[in-house]
>>> print(open('data.cif').read())   # mmCIF, C-alpha atoms
data_start
loop_
_atom_site.label_atom_id
_atom_site.label_comp_id
_atom_site.auth_asym_id
_atom_site.auth_seq_id
_atom_site.Cartn_x
_atom_site.Cartn_y
_atom_site.Cartn_z
CA MET W 519 93.77 115.49 69.43
CA LYS W 520 91.85 112.34 68.66
CA ASN W 521 88.12 112.61 68.13
CA PHE W 522 86.59 110.75 71.05
CA THR W 523 83.25 110.60 69.21
CA ALA W 524 84.70 107.65 67.32
CA GLY W 525 84.37 105.65 70.49
CA LEU W 526 80.59 105.73 70.22
CA PHE W 527 80.68 103.48 67.18
CA CYS W 528 81.01 100.04 68.71
CA ILE W 529 80.57 97.30 66.12
CA ALA W 530 79.73 93.74 67.09
CA VAL W 531 80.71 90.92 64.74
CA PHE W 532 79.74 87.27 65.22
CA THR W 533 82.38 84.73 64.28
CA ALA W 534 81.49 81.10 63.78
CA LEU W 535 83.32 78.73 66.10
CA PRO W 536 83.76 74.94 65.75
CA ALA W 537 80.67 73.36 67.43
CA GLY W 538 78.36 76.03 66.05
CA ALA W 539 79.03 78.41 68.95
CA GLN W 540 79.33 82.12 68.43
CA GLU W 541 81.59 84.62 70.12
CA LEU W 542 80.90 88.32 70.15
CA ASN W 543 83.89 90.30 68.90
CA ILE W 544 83.69 93.98 69.73
CA PHE W 545 85.36 96.76 67.78
CA ARG W 546 85.78 100.21 69.28
CA GLY W 547 87.32 102.48 66.70
CA THR W 548 89.86 100.26 64.95
CA GLN W 549 90.63 98.09 67.98
CA GLN W 550 89.19 94.62 68.48
CA VAL W 551 88.29 94.28 72.13
CA PRO W 552 87.73 90.90 73.82
CA PRO W 553 84.16 90.58 75.12
CA GLU W 554 85.35 89.93 78.67
CA VAL W 555 87.26 93.22 78.69
CA GLU W 556 84.28 95.22 77.45
CA ARG W 557 82.03 93.48 79.96
CA ILE W 558 84.07 94.26 83.08
CA TYR W 559 84.96 97.72 81.80
CA GLU W 560 81.32 98.66 81.26
CA ARG W 561 80.40 97.31 84.70
CA GLY W 562 83.16 99.41 86.26
CA LEU W 563 82.00 102.53 84.45
CA HIS W 564 78.41 101.91 85.52
CA PHE W 565 79.58 101.75 89.13
CA LEU W 566 81.39 105.07 88.80
CA VAL W 567 78.35 106.75 87.24
CA ALA W 568 75.96 105.33 89.82
CA SER W 569 78.11 106.30 92.80
CA GLN W 570 79.08 109.80 91.64
CA ASN W 571 77.48 112.71 93.45
CA ASP W 572 75.78 115.56 91.61
CA GLU W 573 78.75 117.83 92.28
CA GLY W 574 81.14 115.32 90.69
CA SER W 575 82.78 113.78 93.74
CA PHE W 576 82.49 110.19 95.00
CA PRO W 577 81.77 108.57 98.37
CA GLY W 578 84.28 106.56 100.38
CA ASN W 579 88.02 106.91 100.98
CA TYR W 580 89.52 109.69 98.87
CA GLY W 581 86.22 110.03 96.98
CA SER W 582 86.04 113.77 97.48
CA GLU W 583 89.59 114.29 96.20
CA PRO W 584 89.80 115.77 92.69
CA ALA W 585 92.21 112.98 91.68
CA THR W 586 89.36 110.48 91.99
CA ALA W 587 87.16 112.48 89.63
CA ALA W 588 90.16 112.89 87.33
CA LEU W 589 90.78 109.14 87.15
CA ALA W 590 87.09 108.43 86.58
CA MET W 591 87.04 110.91 83.71
CA LEU W 592 90.22 109.42 82.25
CA ALA W 593 88.70 105.94 82.44
CA MET W 594 85.76 107.16 80.36
CA PHE W 595 87.96 108.93 77.83
CA ALA W 596 90.15 105.82 77.61
CA HIS W 597 87.05 103.81 76.70
CA GLY W 598 86.40 106.18 73.80
CA ASP W 599 83.39 107.83 75.38
CA ASP W 600 82.24 111.23 74.23
CA ALA W 601 81.98 114.23 76.53
CA GLU W 602 79.09 115.81 74.66
CA HIS W 603 76.88 112.81 73.86
CA GLY W 604 76.37 109.25 75.03
CA PRO W 605 75.83 107.43 78.34
CA TYR W 606 78.84 108.91 80.14
CA ALA W 607 78.67 112.52 78.97
CA LYS W 608 76.97 113.76 82.15
CA SER W 609 79.48 111.99 84.39
CA ILE W 610 82.40 113.40 82.40
CA LYS W 611 80.97 116.90 82.78
CA ARG W 612 80.41 116.39 86.52
CA SER W 613 83.99 115.19 86.95
CA LEU W 614 85.31 118.18 85.04
CA GLU W 615 83.20 120.53 87.13
CA HIS W 616 84.63 119.02 90.32
CA LEU W 617 88.19 119.50 89.03
CA LEU W 618 87.58 123.12 88.10
CA LYS W 619 85.88 123.91 91.41
CA SER W 620 88.81 122.31 93.24
CA THR W 621 91.26 124.62 91.43
CA ASP W 622 92.66 127.70 93.17
CA ALA W 623 91.79 130.51 90.79
CA LYS W 624 94.94 132.47 91.67
CA THR W 625 97.64 129.80 91.77
CA GLY W 626 96.12 127.04 89.65
CA TYR W 627 96.72 124.48 92.43
CA ILE W 628 94.22 121.62 92.26
CA GLY W 629 93.32 119.88 95.50
CA SER W 630 95.53 119.64 98.56
CA SER W 631 98.56 117.68 97.33
CA MET W 632 100.73 117.34 94.26
CA TYR W 633 99.28 113.84 93.83
CA ASN W 634 95.89 115.45 93.30
CA HIS W 635 97.39 118.18 91.19
CA GLY W 636 99.30 115.81 88.91
CA PHE W 637 96.41 113.48 88.14
CA SER W 638 94.01 116.40 87.77
CA THR W 639 96.35 118.21 85.37
CA LEU W 640 96.64 115.01 83.33
CA ALA W 641 92.85 114.82 83.11
CA LEU W 642 92.59 118.47 82.05
CA ALA W 643 95.22 117.88 79.37
CA GLU W 644 93.28 114.92 77.99
CA ALA W 645 90.02 116.89 78.18
CA TYR W 646 91.54 119.83 76.30
CA GLY W 647 90.18 119.64 72.77
CA ALA W 648 87.80 116.81 73.69
CA VAL W 649 85.38 118.81 75.86
CA GLN W 650 83.79 122.05 74.75
CA ASP W 651 84.48 124.23 77.78
CA GLU W 652 86.41 127.49 77.56
CA ARG W 653 87.51 127.18 81.19
CA ILE W 654 89.79 124.20 80.49
CA ALA W 655 92.57 126.04 78.63
CA PRO W 656 93.32 128.68 81.29
CA ALA W 657 93.01 126.14 84.12
CA LEU W 658 95.37 123.76 82.35
CA LYS W 659 97.87 126.52 81.63
CA LYS W 660 97.99 127.57 85.30
CA ALA W 661 98.19 123.96 86.47
CA VAL W 662 101.18 123.30 84.21
CA GLU W 663 102.89 126.51 85.29
CA LEU W 664 102.53 125.44 88.92
CA ILE W 665 104.15 122.07 88.19
CA LEU W 666 107.03 123.77 86.41
CA THR W 667 107.50 126.40 89.13
CA SER W 668 107.43 123.72 91.80
CA GLN W 669 110.12 121.78 89.94
CA GLU W 670 112.32 124.82 89.53
CA LYS W 671 112.29 125.43 93.29
CA ASN W 672 113.00 121.79 94.12
CA ARG W 673 116.64 120.83 94.68
CA PHE W 674 116.06 117.43 93.03
CA LYS W 675 114.21 119.00 90.06
CA ALA W 676 111.30 116.69 90.87
CA TRP W 677 108.22 116.80 93.12
CA ARG W 678 106.70 115.73 96.40
CA TYR W 679 103.51 116.44 98.35
CA SER W 680 103.59 120.25 98.38
CA PRO W 681 104.36 122.71 95.58
CA ASP W 682 107.06 124.10 97.86
CA SER W 683 108.63 120.78 98.87
CA GLN W 684 112.40 120.60 98.75
CA ASP W 685 112.51 116.81 98.83
CA ALA W 686 111.07 114.52 96.16
CA ASP W 687 109.87 110.98 95.57
CA SER W 688 109.32 108.88 92.48
CA THR W 689 105.57 108.39 92.95
CA VAL W 690 104.45 112.02 93.22
CA SER W 691 106.98 112.89 90.53
CA GLY W 692 105.42 110.31 88.22
CA ALA W 693 102.00 111.95 88.46
CA CYS W 694 103.46 115.39 87.75
CA PHE W 695 105.74 114.23 84.95
CA VAL W 696 103.04 112.37 83.01
CA ALA W 697 100.85 115.45 83.34
CA LEU W 698 103.59 117.55 81.75
CA VAL W 699 103.95 115.11 78.85
CA ALA W 700 100.18 115.13 78.27
CA ALA W 701 100.15 118.93 78.36
CA ARG W 702 103.03 119.08 75.90
CA ASN W 703 101.12 116.68 73.63
CA ALA W 704 98.14 119.02 73.87
CA GLY W 705 100.27 121.91 72.59
CA LEU W 706 101.34 123.66 75.78
CA ARG W 707 104.93 124.76 76.23
CA VAL W 708 106.98 122.47 78.46
CA PRO W 709 110.72 123.28 78.43
CA ASP W 710 113.15 120.51 77.58
CA ASN W 711 115.11 121.18 80.75
CA ALA W 712 112.01 120.28 82.80
CA ILE W 713 111.89 116.89 81.13
CA GLU W 714 115.65 116.34 81.46
CA GLY W 715 115.68 117.37 85.12
CA ALA W 716 112.99 114.85 85.99
CA LEU W 717 114.70 112.08 84.05
CA LYS W 718 117.93 112.65 85.96
CA PHE W 719 115.99 112.31 89.21
CA TYR W 720 114.75 108.86 88.16
CA THR W 721 118.26 107.83 87.18
CA ASP W 722 119.40 108.90 90.64
CA CYS W 723 116.62 106.73 92.12
CA GLN W 724 117.77 103.63 90.23
CA ALA W 725 119.30 100.82 92.27
CA PRO W 726 122.78 100.01 90.91
CA GLY W 727 122.25 96.29 91.40
CA ASP W 728 119.04 95.08 89.77
CA GLY W 729 118.12 98.34 88.00
CA SER W 730 114.82 98.85 89.80
CA ILE W 731 113.66 102.34 90.67
CA GLY W 732 113.55 103.35 94.32
CA TYR W 733 111.30 105.78 96.16
CA THR W 734 114.02 108.40 96.61
CA PRO W 735 117.65 108.73 95.47
CA GLY W 736 119.79 106.16 97.25
CA SER W 737 116.82 104.37 98.84
CA GLY W 738 117.49 101.15 96.95
CA ALA W 739 114.99 98.77 95.34
CA ARG W 740 111.42 99.41 96.46
CA GLY W 741 109.31 97.03 94.36
CA GLY W 742 107.16 97.10 91.29
CA ALA W 743 105.26 100.37 91.54
CA THR W 744 108.18 102.78 91.56
CA THR W 745 110.01 100.75 88.91
CA ALA W 746 106.91 100.81 86.67
CA ILE W 747 106.69 104.58 87.09
CA GLY W 748 110.32 105.01 86.11
CA VAL W 749 109.88 102.87 83.01
CA ALA W 750 106.77 104.82 81.98
CA VAL W 751 108.48 108.17 82.56
CA TYR W 752 111.43 107.32 80.32
CA ALA W 753 109.14 105.85 77.67
CA TYR W 754 106.91 108.92 77.56
CA ALA W 755 110.03 111.06 77.23
CA ARG W 756 110.95 108.95 74.18
CA LYS W 757 114.18 107.83 75.84
CA LYS W 758 113.80 104.08 75.53
CA ASP W 759 117.37 103.70 74.31
CA GLN W 760 118.80 104.99 77.60
CA PRO W 761 120.45 102.64 80.13
CA THR W 762 118.07 103.77 82.89
CA PHE W 763 115.07 102.62 80.88
CA LEU W 764 116.63 99.36 79.69
CA LYS W 765 117.70 98.29 83.17
CA ALA W 766 114.43 99.32 84.79
CA PHE W 767 112.32 97.57 82.16
CA LYS W 768 114.28 94.36 82.69
CA ALA W 769 113.81 94.69 86.46
CA LEU W 770 110.08 95.28 86.02
CA GLN W 771 109.66 92.09 84.00
CA THR W 772 111.78 90.12 86.45
CA ASN W 773 109.80 91.30 89.48
CA ASP W 774 106.38 91.62 87.86
CA GLU W 775 104.69 89.50 90.54
CA GLN W 776 105.31 92.24 93.10
CA SER W 777 102.16 94.15 93.88
CA GLY W 778 101.50 97.54 95.38
CA GLY W 779 100.82 96.22 98.88
CA ASN W 780 97.86 98.13 100.27
CA TYR W 781 97.55 100.02 96.99
CA PRO W 782 97.70 97.29 94.32
CA PHE W 783 95.73 99.20 91.72
CA TYR W 784 98.30 101.96 91.76
CA TYR W 785 101.02 99.50 90.76
CA GLU W 786 99.00 97.98 87.93
CA TYR W 787 97.99 101.41 86.64
CA TYR W 788 101.62 102.25 85.90
CA ALA W 789 102.72 98.70 85.09
CA ALA W 790 100.23 98.57 82.20
CA GLN W 791 101.66 101.74 80.69
CA ALA W 792 105.25 100.64 81.28
CA MET W 793 104.73 97.20 79.72
CA PHE W 794 102.88 98.62 76.72
CA GLN W 795 105.45 101.32 76.07
CA GLY W 796 108.33 98.89 76.59
CA ASP W 797 107.21 95.98 74.44
CA VAL W 798 103.69 95.37 73.09
CA LYS W 799 104.17 91.59 73.12
CA VAL W 800 105.16 91.70 76.77
CA TRP W 801 102.15 93.89 77.50
CA GLU W 802 99.75 91.51 75.71
CA LYS W 803 100.72 88.63 78.01
CA TRP W 804 100.61 90.89 81.06
CA ASN W 805 97.23 92.32 80.04
CA ASP W 806 95.67 88.87 79.62
CA LYS W 807 96.63 88.04 83.21
CA ARG W 808 95.39 91.39 84.43
CA VAL W 809 91.99 90.97 82.79
CA LYS W 810 91.60 87.59 84.49
CA GLN W 811 92.55 89.08 87.85
CA LEU W 812 90.02 91.87 87.51
CA THR W 813 87.31 89.50 86.30
CA GLU W 814 87.79 87.30 89.35
CA THR W 815 87.83 90.16 91.87
CA GLN W 816 85.18 92.54 90.52
CA ASN W 817 82.29 93.08 92.94
CA ASP W 818 78.66 92.59 91.98
CA ASP W 819 78.18 96.36 91.70
CA GLY W 820 81.10 96.65 89.23
CA SER W 821 83.62 98.07 91.70
CA TRP W 822 86.90 96.74 93.04
CA ASP W 823 88.09 96.89 96.62
CA GLY W 824 91.43 98.35 97.64
CA GLY W 825 93.20 100.43 100.24
CA LEU W 826 92.38 103.60 98.33
CA GLY W 827 88.65 102.96 98.46
CA PRO W 828 86.26 101.57 95.82
CA SER W 829 85.95 104.70 93.66
CA ILE W 830 89.63 105.40 93.06
CA SER W 831 90.44 101.67 92.99
CA THR W 832 87.83 101.19 90.26
CA GLY W 833 89.17 104.11 88.24
CA LEU W 834 92.72 102.79 88.49
CA GLY W 835 91.57 99.23 87.85
CA LEU W 836 89.86 100.24 84.62
CA LEU W 837 92.83 102.28 83.48
CA SER W 838 95.10 99.27 84.06
CA ILE W 839 93.37 97.54 81.12
CA ALA W 840 92.43 100.68 79.16
CA LEU W 841 95.30 100.26 76.73
CA THR W 842 93.16 97.61 75.09
CA TYR W 843 91.18 100.51 73.59
CA ARG W 844 94.05 102.88 72.64
CA TYR W 845 92.01 106.09 72.85
CA LEU W 846 93.94 108.30 75.29
CA PRO W 847 96.56 110.41 73.47
CA ILE W 848 99.03 109.95 76.33
CA TYR W 849 99.05 106.19 75.62
CA GLU W 850 100.35 106.57 72.08
CA ARG W 851 103.68 104.85 71.44
#
>>> encode(input="data.cif", output="structure tokens")
Amino acid sequence: MKNFTAGLFCIAVFTALPAGAQELNIFRGTQQVPPEVERIYERGLHFLVASQNDEGSFPGNYGSEPATAALAMLAMFAHGDDAEHGPYAKSIKRSLEHLLKSTDAKTGYIGSSMYNHGFSTLALAEAYGAVQDERIAPALKKAVELILTSQEKNRFKAWRYSPDSQDADSTVSGACFVALVAARNAGLRVPDNAIEGALKFYTDCQAPGDGSIGYTPGSGARGGATTAIGVAVYAYARKKDQPTFLKAFKALQTNDEQSGGNYPFYYEYYAAQAMFQGDVKVWEKWNDKRVKQLTETQNDDGSWDGGLGPSISTGLGLLSIALTYRYLPIYER
């Protein structure tokens, strides 16, 4: 695992510009980060810290859900922040505590839906090895086992809202699949047939015409969010040479202006990963536009508004530009 302590060493370098002006260039680790990105990112993190309750949850829509704490913690890890020291250590620990307290000790189920469970498992996988807490390993192991057991029972070999669901959709499946990849990266056993089964599901969801990824098999094109998820899934599985990926990535670039409707931050969260994994040059152009969008829409308190509420929207918003930092192991190409 990467040492997140490296993120504490943020070096500022002044570069002379033509007219005698100076621009602050920021380096976190080995990455040069544009000042405007660091500025809005820090403001977003400050909002999350200020609004978080002592028990680790957040106010507002979906604020008490463990997925919100998971995304907040991921946003801090993605910024290179340390769980043991630094300005966000206490918030990271509070978020982790909320995840663990939301976990069923017997089954390993986190929260009340597989959305919650998938994002929370992803956060535990990224925290494993980065946070000194002996409770993480057993909780992560049970959480992964539940995802795998749920998939085995599912006729589509994918996931939906309940661990016992027999139907499946591409959005819930995306959360669970990325969690499995992160867990595998962390050293946990994830069978190849689990990966292959999920990939087949996304192929079945692909529209034969434009190559976009639908919500369910045979549902047809459904817009940017589900297509972005499909692209990310295939990329994380290291299957970027497959026709499903190639067609979906082309569709994503063609229809990039599509948003997530009432949940725009959800679309951008996956679109950032899909663009970066598909083609770094494509991602760079996309990321520049995304930074401008977030700069223009950020509230005075550092949050962003959205149908999912300010806390989860802010977490997703930050993660949509977090690839600028390159700290999260799951983001590695």
>>> residues_near_point(input="data.cif", point="(116.0, 100.2, 92.2)", cutoff="10 Å", atoms="all atoms listed in the file", output="ChimeraX atom specification")
/W:720-742,744-745,748,765-766,769-770
>>> residues_around(input="data.cif", residues="Val649 of chain W", least_positions_apart="6", cutoff="10 Å", atoms="only C-alpha atoms", output="PDB file with C-alpha atoms, keeping the file's coordinate frame")
ATOM      1  CA  PHE W 522      86.590 110.750  71.050  1.00  0.00           C
ATOM      2  CA  ASP W 600      82.240 111.230  74.230  1.00  0.00           C
ATOM      3  CA  ALA W 601      81.980 114.230  76.530  1.00  0.00           C
ATOM      4  CA  GLU W 602      79.090 115.810  74.660  1.00  0.00           C
ATOM      5  CA  ALA W 607      78.670 112.520  78.970  1.00  0.00           C
ATOM      6  CA  ILE W 610      82.400 113.400  82.400  1.00  0.00           C
ATOM      7  CA  LYS W 611      80.970 116.900  82.780  1.00  0.00           C
ATOM      8  CA  LEU W 614      85.310 118.180  85.040  1.00  0.00           C
ATOM      9  CA  LEU W 642      92.590 118.470  82.050  1.00  0.00           C
TER      10      LEU W 642
END
>>> residues_around(input="data.cif", residues="Ala753 of chain W", least_positions_apart="6", cutoff="8 Å", atoms="all atoms listed in the file", output="list in words")
Phe763, Ala792, Gln795 and Gly796 of chain W
>>> closest_residue(input="data.cif", among="W:Asn773, W:Leu618, W:Glu560, W:Tyr633", to="Asp599 of chain W", atoms="all atoms listed in the file")
W:Glu560
>>> closest_residue(input="data.cif", among="W:Leu563, W:Ala596, W:Ala645, W:Ala657", to="Ser620 of chain W", atoms="all atoms listed in the file")
W:Ala657
>>> residues_near_point(input="data.cif", point="(78.9, 111.8, 85.2)", cutoff="9 Å", atoms="all atoms listed in the file", output="MDAnalysis selection string")
chainID W and resid 566:568 570:572 574 590:591 605:613
>>> resolve_selection(input="data.cif", expression="the PyMOL selection byres ((chain W and resi 700-717) around 9)", output="JSON list (two decimals) with C-alpha atoms, keeping the file's coordinate frame")
[["chain", "number", "residue", "atom", "x", "y", "z"],
["W", 519, "MET", "CA", 93.77, 115.49, 69.43],
["W", 639, "THR", "CA", 96.35, 118.21, 85.37],
["W", 640, "LEU", "CA", 96.64, 115.01, 83.33],
["W", 641, "ALA", "CA", 92.85, 114.82, 83.11],
["W", 642, "LEU", "CA", 92.59, 118.47, 82.05],
["W", 643, "ALA", "CA", 95.22, 117.88, 79.37],
["W", 644, "GLU", "CA", 93.28, 114.92, 77.99],
["W", 646, "TYR", "CA", 91.54, 119.83, 76.30],
["W", 647, "GLY", "CA", 90.18, 119.64, 72.77],
["W", 658, "LEU", "CA", 95.37, 123.76, 82.35],
["W", 659, "LYS", "CA", 97.87, 126.52, 81.63],
["W", 662, "VAL", "CA", 101.18, 123.30, 84.21],
["W", 663, "GLU", "CA", 102.89, 126.51, 85.29],
["W", 666, "LEU", "CA", 107.03, 123.77, 86.41],
["W", 669, "GLN", "CA", 110.12, 121.78, 89.94],
["W", 670, "GLU", "CA", 112.32, 124.82, 89.53],
["W", 674, "PHE", "CA", 116.06, 117.43, 93.03],
["W", 675, "LYS", "CA", 114.21, 119.00, 90.06],
["W", 676, "ALA", "CA", 111.30, 116.69, 90.87],
["W", 677, "TRP", "CA", 108.22, 116.80, 93.12],
["W", 691, "SER", "CA", 106.98, 112.89, 90.53],
["W", 695, "PHE", "CA", 105.74, 114.23, 84.95],
["W", 696, "VAL", "CA", 103.04, 112.37, 83.01],
["W", 697, "ALA", "CA", 100.85, 115.45, 83.34],
["W", 698, "LEU", "CA", 103.59, 117.55, 81.75],
["W", 699, "VAL", "CA", 103.95, 115.11, 78.85],
["W", 718, "LYS", "CA", 117.93, 112.65, 85.96],
["W", 719, "PHE", "CA", 115.99, 112.31, 89.21],
["W", 720, "TYR", "CA", 114.75, 108.86, 88.16],
["W", 721, "THR", "CA", 118.26, 107.83, 87.18],
["W", 722, "ASP", "CA", 119.40, 108.90, 90.64],
["W", 748, "GLY", "CA", 110.32, 105.01, 86.11],
["W", 751, "VAL", "CA", 108.48, 108.17, 82.56],
["W", 752, "TYR", "CA", 111.43, 107.32, 80.32],
["W", 755, "ALA", "CA", 110.03, 111.06, 77.23],
["W", 847, "PRO", "CA", 96.56, 110.41, 73.47],
["W", 848, "ILE", "CA", 99.03, 109.95, 76.33]]
>>> residues_around(input="data.cif", residues="segment 810-823 of chain W", least_positions_apart="5", cutoff="7 Å", atoms="all atoms listed in the file", output="ChimeraX atom specification")
/W:558,561-562,564-565,828,831-832
>>> resolve_selection(input="data.cif", expression="the PyMOL selection byres ((chain W and resi 638) around 8)", output="VMD selection string")
chain W and resid 584 to 585 588 to 589 617 628 634 to 637 639 to 642
>>> atom_distance(input="data.cif", atom1="atom CA of Lys619 of chain W", atom2="atom CA of Tyr580 of chain W")
16.5 Å
>>> atom_distance(input="data.cif", atom1="atom CA of Ile747 of chain W", atom2="atom CA of Ile830 of chain W")
18.1 Å
>>> atom_distance(input="data.cif", atom1="atom CA of Glu554 of chain W", atom2="atom CA of Ala743 of chain W")
25.9 Å
>>> closest_residue(input="data.cif", among="W:Ala655, W:Leu764, W:Ala693, W:Leu841", to="Val798 of chain W", atoms="all atoms listed in the file")
W:Leu841
>>> closest_residue(input="data.cif", among="W:Ala840, W:Cys694, W:Ala648, W:Leu826", to="Phe783 of chain W", atoms="all atoms listed in the file")
W:Leu826
>>> closest_residue(input="data.cif", among="W:Ser838, W:Ser631, W:Gln760, W:Gly824", to="Ala790 of chain W", atoms="only C-alpha atoms")
W:Ser838
>>> closest_residue(input="data.cif", among="W:Val809, W:Ile654, W:Leu834, W:Ala661", to="Tyr784 of chain W", atoms="all atoms listed in the file")
W:Leu834
>>> resolve_selection(input="data.cif", expression="the PyMOL selection byres ((chain W and resi 625) around 9)", output="PDB file with C-alpha atoms, in the frame of the given file")
ATOM      1  CA  THR W 621      91.260 124.620  91.430  1.00  0.00           C
ATOM      2  CA  ASP W 622      92.660 127.700  93.170  1.00  0.00           C
ATOM      3  CA  ALA W 623      91.790 130.510  90.790  1.00  0.00           C
ATOM      4  CA  LYS W 624      94.940 132.470  91.670  1.00  0.00           C
ATOM      5  CA  GLY W 626      96.120 127.040  89.650  1.00  0.00           C
ATOM      6  CA  TYR W 627      96.720 124.480  92.430  1.00  0.00           C
ATOM      7  CA  ILE W 628      94.220 121.620  92.260  1.00  0.00           C
ATOM      8  CA  LYS W 660      97.990 127.570  85.300  1.00  0.00           C
ATOM      9  CA  ALA W 661      98.190 123.960  86.470  1.00  0.00           C
ATOM     10  CA  GLU W 663     102.890 126.510  85.290  1.00  0.00           C
ATOM     11  CA  LEU W 664     102.530 125.440  88.920  1.00  0.00           C
TER      12      LEU W 664
END
